[in-house]
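Engineer: This is coords-v6.txt, which holds compact mmCIF, C-alpha atoms:
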# COMPACT_ATOMS: atom_id res chain seq x y z
CA VAL U 1 -16.57 -15.67 12.09
CA ASP U 2 -13.35 -16.14 14.03
CA ILE U 3 -11.36 -18.66 12.02
CA LYS U 4 -8.19 -17.68 13.89
CA LYS U 5 -9.84 -18.28 17.32
CA THR U 6 -8.08 -15.23 18.76
CA ARG U 7 -11.01 -12.95 19.62
CA THR U 8 -14.58 -13.04 20.79
CA ASP U 9 -16.27 -10.66 18.29
CA SER U 10 -18.08 -12.42 15.48
CA HIS U 11 -17.83 -9.87 12.65
CA VAL U 12 -15.16 -10.35 9.99
CA PRO U 13 -12.61 -7.53 10.41
CA LEU U 14 -10.85 -5.59 7.69
CA ILE U 15 -7.09 -5.67 7.62
CA TRP U 16 -5.26 -2.52 6.54
CA VAL U 17 -1.71 -1.69 5.49
CA LEU U 18 -0.09 1.68 4.95
CA ASP U 19 2.46 0.77 2.29
CA ARG U 20 5.87 2.21 1.57
CA ASP U 21 4.47 5.02 -0.58
CA GLY U 22 1.65 6.02 1.77
CA ASN U 23 -1.13 4.12 -0.02
CA LEU U 24 -3.78 2.74 2.33
CA ILE U 25 -4.82 -0.80 1.36
CA PHE U 26 -7.83 -2.67 2.79
CA ALA U 27 -9.17 -6.21 2.49
CA PRO U 28 -11.53 -8.47 4.44
CA GLU U 29 -9.47 -10.77 6.63
CA VAL U 30 -11.51 -13.79 5.60
CA GLN U 31 -12.09 -14.52 1.91
CA SER U 32 -12.62 -18.30 1.89
CA THR U 33 -9.30 -18.37 3.78
CA VAL U 34 -7.55 -16.14 6.28
CA HIS U 35 -5.47 -13.38 4.74
CA LYS U 36 -2.44 -11.77 6.33
CA HIS U 37 -1.15 -8.22 6.08
CA GLY U 38 1.73 -9.41 3.93
CA ASP U 39 -0.78 -10.57 1.31
CA LEU U 40 -1.53 -6.88 0.69
CA THR U 41 2.13 -5.86 0.35
CA PRO U 42 4.11 -8.85 -0.94
CA GLY U 43 7.78 -8.54 -1.78
CA GLN U 44 10.51 -10.30 -3.69
CA THR U 45 12.30 -10.31 -0.31
CA PRO U 46 11.30 -8.94 3.13
CA VAL U 47 12.98 -5.63 2.21
CA ASP U 48 11.79 -5.21 -1.38
CA ARG U 49 8.60 -4.59 -3.31
CA PRO U 50 7.41 -7.02 -6.01
CA GLU U 51 9.41 -7.04 -9.21
CA GLN U 52 8.10 -4.43 -11.63
CA LYS U 53 10.22 -4.70 -14.76
CA VAL U 54 11.09 -7.38 -17.27
CA LYS U 55 13.64 -7.35 -20.10
CA ASP U 56 14.41 -3.63 -20.03
CA ASP U 57 13.54 -0.30 -18.42
CA ASN U 58 10.60 0.33 -20.75
CA THR U 59 8.74 -2.95 -20.25
CA PHE U 60 6.58 -3.27 -17.14
CA ILE U 61 4.55 -6.16 -15.79
CA GLY U 62 0.79 -5.64 -16.00
CA GLN U 63 1.02 -2.03 -17.16
CA THR U 64 0.52 -0.32 -20.52
CA CYS U 65 2.21 2.83 -21.77
CA CYS U 66 -0.74 5.09 -22.63
CA CYS U 67 -0.27 8.41 -24.45
CA LYS U 68 -2.59 11.29 -25.29
CA PRO U 69 -1.98 14.15 -27.75
CA VAL U 70 -0.74 17.43 -26.32
CA THR U 71 -3.12 20.32 -26.91
CA GLU U 72 -3.15 23.94 -25.80
CA SER U 73 -5.92 23.21 -23.33
CA ASN U 74 -4.46 19.88 -22.22
CA PRO U 75 -0.67 20.20 -21.73
CA CYS U 76 1.57 17.74 -19.92
CA ASN U 77 1.85 18.03 -16.15
CA GLU U 78 4.29 16.53 -13.66
CA TYR U 79 2.51 13.14 -13.69
CA TYR U 80 3.19 12.53 -17.39
CA ARG U 81 6.22 12.07 -19.60
CA PRO U 82 6.31 14.41 -22.64
CA VAL U 83 7.41 12.54 -25.79
CA THR U 84 7.42 13.05 -29.54
CA PHE U 85 6.20 10.23 -31.77
CA ASN U 86 5.77 10.45 -35.56
CA GLN U 87 6.34 14.22 -35.33
CA LYS U 88 3.48 14.65 -32.85
CA ASP U 89 3.71 15.61 -29.18
CA TYR U 90 2.20 13.28 -26.56
CA CYS U 91 1.88 12.98 -22.80
CA CYS U 92 2.50 9.41 -21.68
CA LYS U 93 1.91 7.50 -18.46
CA LEU U 94 1.94 3.89 -17.28
CA ARG U 95 -1.57 2.62 -16.56
CA PRO U 96 -2.56 -0.75 -15.08
CA GLY U 97 -5.00 -2.83 -17.09
CA GLY U 98 -4.52 -1.09 -20.42
CA CYS U 99 -5.53 2.28 -21.84
CA PRO U 100 -9.06 3.56 -21.12
CA GLY U 101 -11.61 3.07 -23.87
CA PHE U 102 -13.47 5.93 -25.56
CA SER U 103 -10.68 8.39 -24.81
CA TRP U 104 -7.76 10.16 -26.47
CA TYR U 105 -5.28 7.65 -25.04
CA LYS U 106 -3.48 5.21 -27.28
CA SER U 107 -0.89 2.58 -26.48
CA ILE U 108 2.62 3.53 -27.63
CA LYS U 109 5.12 0.95 -26.42
CA GLY U 110 8.46 2.09 -25.08
CA LYS U 111 7.57 5.76 -24.46
CA CYS U 112 6.94 5.48 -20.71
CA GLY U 113 9.36 5.52 -17.85
CA ILE U 114 9.39 6.35 -14.18
CA VAL U 115 8.81 10.06 -13.69
CA LYS U 116 8.33 12.16 -10.56
CA ASN U 117 5.24 11.22 -8.53
CA GLU U 118 4.42 8.29 -10.80
CA LEU U 119 3.62 5.18 -8.76
CA ILE U 120 3.91 1.88 -10.58
CA GLU U 121 3.60 -0.44 -7.60
CA LEU U 122 2.17 -3.90 -8.26
CA TYR U 123 0.48 -5.92 -5.54
CA THR U 124 0.21 -9.29 -7.22
CA ALA U 125 3.53 -11.08 -6.75
CA GLY U 126 6.20 -11.83 -4.21
CA LYS U 127 7.17 -14.71 -1.93
CA PHE U 128 7.67 -12.62 1.22
CA ARG U 129 5.92 -10.03 3.32
CA GLY U 130 7.35 -6.87 1.77
CA ILE U 131 7.97 -3.36 3.07
CA ALA U 132 5.20 -1.29 4.65
CA ARG U 133 4.95 1.59 7.11
CA ALA U 134 2.23 0.18 9.38
CA GLY U 135 -0.67 -2.23 9.49
CA GLY U 136 -3.61 -3.26 11.63
CA GLU U 137 -7.27 -4.22 11.74
CA ILE U 138 -10.66 -2.55 11.70
CA ARG U 139 -12.82 -4.44 14.17
CA TYR U 140 -16.62 -4.24 14.39
CA PRO U 141 -17.94 -4.88 17.93
CA ASP U 142 -20.96 -7.14 18.30
CA ASP U 143 -22.76 -4.52 20.41
CA GLY U 144 -22.98 -2.09 17.47
CA SER U 145 -20.60 0.45 18.99
CA PRO U 146 -18.24 2.37 16.66
CA PRO U 147 -15.54 0.32 14.91
CA TRP U 148 -12.02 0.17 16.28
CA VAL U 149 -9.08 1.02 14.01
CA GLN U 150 -6.07 -0.54 15.68
CA ASP U 151 -2.51 -1.59 14.93
CA LYS U 152 -2.57 -5.35 15.48
CA SER U 153 -0.05 -6.36 12.83
CA GLY U 154 3.60 -7.30 12.65
CA TYR U 155 4.00 -4.17 10.53
CA SER U 156 3.15 -2.11 13.61
CA LEU U 157 4.27 -4.30 16.52
CA SER U 158 7.32 -6.24 15.26
CA ARG U 159 9.23 -3.65 13.30
CA THR U 160 12.79 -3.29 12.05
CA GLU U 161 14.75 -1.03 9.73
CA PRO U 162 15.01 -2.58 6.24
CA GLU U 163 18.64 -1.46 5.98
CA SER U 164 19.50 -3.57 9.04
CA MET U 165 18.59 -6.69 7.02
CA LYS U 166 20.90 -5.91 4.12
CA THR U 167 24.54 -6.58 3.26
CA ASP U 168 26.11 -4.41 0.57
CA GLY U 169 22.67 -3.05 -0.33
CA SER U 170 20.97 -6.43 -0.83
CA TYR U 171 18.77 -8.59 1.39
CA ASP U 172 20.76 -10.92 3.64
CA PRO U 173 18.74 -13.88 5.03
CA LEU U 174 21.35 -14.28 7.78
CA LYS U 175 20.10 -10.99 9.24
CA LEU U 176 16.49 -12.04 9.79
CA ASP U 177 17.07 -11.58 13.52
CA ALA U 178 17.99 -7.90 13.06
CA PRO U 179 17.28 -5.72 16.14
CA GLY U 180 13.67 -4.65 16.39
CA MET U 181 12.09 -1.22 16.88
CA SER U 182 9.38 -0.14 19.29
CA PRO U 183 5.70 -0.50 18.22
CA ILE U 184 4.18 2.50 16.46
CA GLY U 185 2.05 3.22 19.55
CA VAL U 186 -0.60 5.77 20.48
CA CYS U 187 1.18 8.80 19.03
CA ALA U 188 1.51 7.21 15.58
CA LEU U 189 -2.14 6.09 15.64
CA SER U 190 -3.16 9.69 16.29
CA ARG U 191 -1.07 10.82 13.34
CA LEU U 192 -2.59 8.05 11.23
CA ARG U 193 -6.09 9.29 12.06
CA GLU U 194 -5.05 12.77 10.95
CA TYR U 195 -3.53 11.34 7.75
CA TRP U 196 -6.75 9.45 6.96
CA SER U 197 -8.84 12.55 7.57
CA LEU U 198 -6.81 15.41 6.11
CA HIS U 199 -4.89 13.77 3.28
CA LEU U 200 -7.01 10.81 2.26
CA LYS U 201 -10.32 12.59 3.02
CA TRP U 202 -11.73 9.60 4.90
CA PRO U 203 -14.48 10.30 7.46
CA VAL U 204 -13.09 9.32 10.86
CA ALA U 205 -15.69 10.83 13.22
CA THR U 206 -17.42 7.47 13.62
CA LEU U 207 -14.21 5.48 14.14
CA ARG U 208 -12.18 4.86 17.28
CA PHE U 209 -8.40 4.62 16.94
CA ALA U 210 -6.38 2.60 19.45
CA ALA U 211 -2.95 1.08 19.96
CA VAL U 212 -2.89 -2.62 20.89
CA SER U 213 -0.78 -4.13 23.64
CA PHE U 214 -0.74 -7.51 25.36
CA PRO U 215 0.00 -7.19 29.09
CA ASP U 216 -0.06 -10.66 30.69
CA GLY U 217 -1.17 -12.04 27.32
CA LYS U 218 -4.45 -10.12 27.33
CA GLU U 219 -5.36 -7.86 24.40
CA VAL U 220 -5.78 -4.24 25.54
CA PHE U 221 -6.76 -1.18 23.49
CA THR U 222 -5.37 2.25 24.41
CA ASP U 223 -7.30 5.13 22.84
CA ALA U 224 -5.32 7.29 20.44
With the file now loaded, output its structure as structure tokens.
Structural biologist:
Amino acid sequence: VDIKKTRTDSHVPLIWVLDRDGNLIFAPEVQSTVHKHGDLTPGQTPVDRPEQKVKDDNTFIGQTCCCKPVTESNPCNEYYRPVTFNQKDYCCKLRPGGCPGFSWYKSIKGKCGIVKNELIELYTAGKFRGIARAGGEIRYPDDGSPPWVQDKSGYSLSRTEPESMKTDGSYDPLKLDAPGMSPIGVCALSRLREYWSLHLKWPVATLRFAAVSFPDGKEVFTDA
């Protein structure tokens, strides 16, 4: 189903983005309409992530401050914020979608904050394509051969340093034509395959990784 009319294979591909914090995000390209890589990593500007806070540092959009009692067998670790509330010790953490039911967690507003290793990214708002490390497609050939994981995305092919689009630390729309960087290429695709396999524990033996190029306007895959 090639709505974009840019390829001959008929299977709907997945688009993928490796975001700023190393999270790997997937989505079908076609979901009643064609989706772009920027839909997976929107930003308030091209160099920012979506807005996370409202009013003050302890109020977050779409997230609940959930706390559980500290016990000898269940102490706080680096992913939680230790707090004291009503003379009791708790471990608190921001959680999307509210606190889990049938658990020791309870909502205690205002006791959460950003702590080391705590990711509070939201992927639901933003007018621009935001920051990401790389992007591409997973294509499924019509002949049943192994899928291709490739880097056909502006995040991989039309890159620039975010800082080059800023003035005094803030996004400057007059710098949209900032100098570009080279595509991520074969070497980066090889490292991505290793990242998927070793760190994300994804099976990659049945996948083929390739860098995309367009000599004379023709799409060419180079094995990574």
Engineer: Find, counting all atoms listed in the file, the residue in U:Lys175, U:Arg208, U:His199, U:Arg95 that gets nearest to Ala224 of chain U.
Structural biologist: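 For Ala224 of chain U, the nearest of the given residues is U:Arg208.
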Engineer: Could you tell me how far atom CA of Ile15 of chain U sits from atom CA of Pro215 of chain U, in Å to one decimal place?
Structural biologist: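 Between atom CA of Pro215 of chain U and atom CA of Ile15 of chain U the gap is 22.7 Å.
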Engineer: Between U:Arg139, U:Arg20, U:Lys201, U:Arg133, which one has atoms that come closest to Leu157 of chain U, using all atoms listed in the file?
Structural biologist: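 Counting all atoms listed in the file, the residue closest to Leu157 of chain U is U:Arg133.
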Engineer: Take atom CA of Glu163 of chain U and atom CA of Ser190 of chain U and report the distance between them in Å, one decimal.
Structural biologist: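 Answer for the atom CA of Glu163 of chain U to atom CA of Ser190 of chain U separation: 26.6 Å.
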Engineer: Considering all atoms listed in the file, return as an mmCIF file with C-alpha atoms, keeping the file's coordinate frame whatever protein or nucleic-acid residues lie within 10 Å of Ala211 of chain U, sequence-local ones (same chain, fewer than 2 positions apart) excluded.
Structural biologist:
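Dumped everything to around.cif:
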data_model
loop_
_atom_site.group_PDB
_atom_site.id
_atom_site.type_symbol
_atom_site.label_atom_id
_atom_site.label_comp_id
_atom_site.auth_asym_id
_atom_site.auth_seq_id
_atom_site.Cartn_x
_atom_site.Cartn_y
_atom_site.Cartn_z
ATOM 1 C CA GLY U 136 -3.610 -3.260 11.630
ATOM 2 C CA TRP U 148 -12.020 0.170 16.280
ATOM 3 C CA VAL U 149 -9.080 1.020 14.010
ATOM 4 C CA GLN U 150 -6.070 -0.540 15.680
ATOM 5 C CA ASP U 151 -2.510 -1.590 14.930
ATOM 6 C CA LYS U 152 -2.570 -5.350 15.480
ATOM 7 C CA SER U 156 3.150 -2.110 13.610
ATOM 8 C CA LEU U 157 4.270 -4.300 16.520
ATOM 9 C CA PRO U 183 5.700 -0.500 18.220
ATOM 10 C CA ILE U 184 4.180 2.500 16.460
ATOM 11 C CA GLY U 185 2.050 3.220 19.550
ATOM 12 C CA VAL U 186 -0.600 5.770 20.480
ATOM 13 C CA CYS U 187 1.180 8.800 19.030
ATOM 14 C CA ALA U 188 1.510 7.210 15.580
ATOM 15 C CA LEU U 189 -2.140 6.090 15.640
ATOM 16 C CA SER U 190 -3.160 9.690 16.290
ATOM 17 C CA PHE U 209 -8.400 4.620 16.940
ATOM 18 C CA SER U 213 -0.780 -4.130 23.640
ATOM 19 C CA VAL U 220 -5.780 -4.240 25.540
ATOM 20 C CA PHE U 221 -6.760 -1.180 23.490
ATOM 21 C CA THR U 222 -5.370 2.250 24.410
ATOM 22 C CA ASP U 223 -7.300 5.130 22.840
ATOM 23 C CA ALA U 224 -5.320 7.290 20.440
#
Engineer: Find the residue from U:Asp168, U:Asp48, U:Asp19, U:Asp89 that sits nearest to Glu72 of chain U; use all atoms listed in the file when measuring.
Structural biologist: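 That would be U:Asp89, the residue with the smallest distance to Glu72 of chain U.
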Engineer: Just checking: using all atoms listed in the file, which residue out of U:Ser170, U:Ser197, U:Ser182, U:Ser103 ends up closest to Pro46 of chain U?
Structural biologist: U:Ser170
Engineer: What is the distance, in Å and to one decimal place, between atom CA of Val12 of chain U and atom CA of Thr160 of chain U?
Structural biologist: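 Between atom CA of Val12 of chain U and atom CA of Thr160 of chain U the gap works out to 28.9 Å.
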Engineer: At a cut-off of 7 Å around the point (-3.9, -9.0, 4.7) (file coordinates), what residues fall inside when counting all atoms listed in the file? I'd like the answer as a list in words.
Structural biologist: Ile15, Trp16, Ala27, Glu29, His35, Lys36, His37, Gly38, Asp39 and Leu40 of chain U
Engineer: Which residue, U:Gly217, U:Pro146, U:Pro28, U:Pro162, has the smallest gap to Ala205 of chain U when you use only C-alpha atoms?
Structural biologist: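 When distances to Ala205 of chain U are compared using only C-alpha atoms, the smallest one comes from U:Pro146.
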Engineer: Counting all atoms listed in the file, which residue out of U:Val212, U:Leu198, U:Cys66, U:Val204 sits closest to Gly101 of chain U?
Structural biologist: U:Cys66
Engineer: Gln87 of chain U: which residues within 12 Å, counting only C-alpha atoms, same-chain residues fewer than 3 positions away excluded, as a ChimeraX atom specification?
Structural biologist: /U:69-70,83-84,90
Engineer: Near Cys112 of chain U, counting all atoms listed in the file, which residues have an atom at most 7 Å away, once you skip same-chain residues fewer than 5 positions from it, shown as a ChimeraX atom specification?
Structural biologist: /U:58,65,81,92-94
Engineer: Residues as selected, C-alpha atoms, written as an mmCIF file, in the frame of the given file, can you do that?
Structural biologist:
data_model
loop_
_atom_site.group_PDB
_atom_site.id
_atom_site.type_symbol
_atom_site.label_atom_id
_atom_site.label_comp_id
_atom_site.auth_asym_id
_atom_site.auth_seq_id
_atom_site.Cartn_x
_atom_site.Cartn_y
_atom_site.Cartn_z
ATOM 1 C CA ASN U 58 10.600 0.330 -20.750
ATOM 2 C CA CYS U 65 2.210 2.830 -21.770
ATOM 3 C CA ARG U 81 6.220 12.070 -19.600
ATOM 4 C CA CYS U 92 2.500 9.410 -21.680
ATOM 5 C CA LYS U 93 1.910 7.500 -18.460
ATOM 6 C CA LEU U 94 1.940 3.890 -17.280
#
Engineer: Do a neighbour search on Ala178 of chain U at 9 Å with only C-alpha atoms, toss out local chain neighbours closer than 4 positions, and write the hits as a list of chain:residue names.
Structural biologist: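 Here the answer would be U:Thr160, U:Glu161, U:Ser164, U:Met165, U:Leu174.
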Engineer: With a distance cut-off of 8 Å and all atoms listed in the file, select the neighbouring residues of Asp142 of chain U, excluding the residue or stretch itself and same-chain residues fewer than 2 positions from it, and output the selection as a VMD selection string.
Structural biologist: chain U and resid 9 to 11 140 144 to 145
Engineer: Produce a file of the selected residues containing C-alpha atoms, as a PDB file, keeping the file's coordinate frame.
Structural biologist:
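Dumped to again.pdb:
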ATOM      1  CA  ASP U   9     -16.270 -10.660  18.290  1.00  0.00           C
ATOM      2  CA  SER U  10     -18.080 -12.420  15.480  1.00  0.00           C
ATOM      3  CA  HIS U  11     -17.830  -9.870  12.650  1.00  0.00           C
ATOM      4  CA  TYR U 140     -16.620  -4.240  14.390  1.00  0.00           C
ATOM      5  CA  GLY U 144     -22.980  -2.090  17.470  1.00  0.00           C
ATOM      6  CA  SER U 145     -20.600   0.450  18.990  1.00  0.00           C
TER       7      SER U 145
END
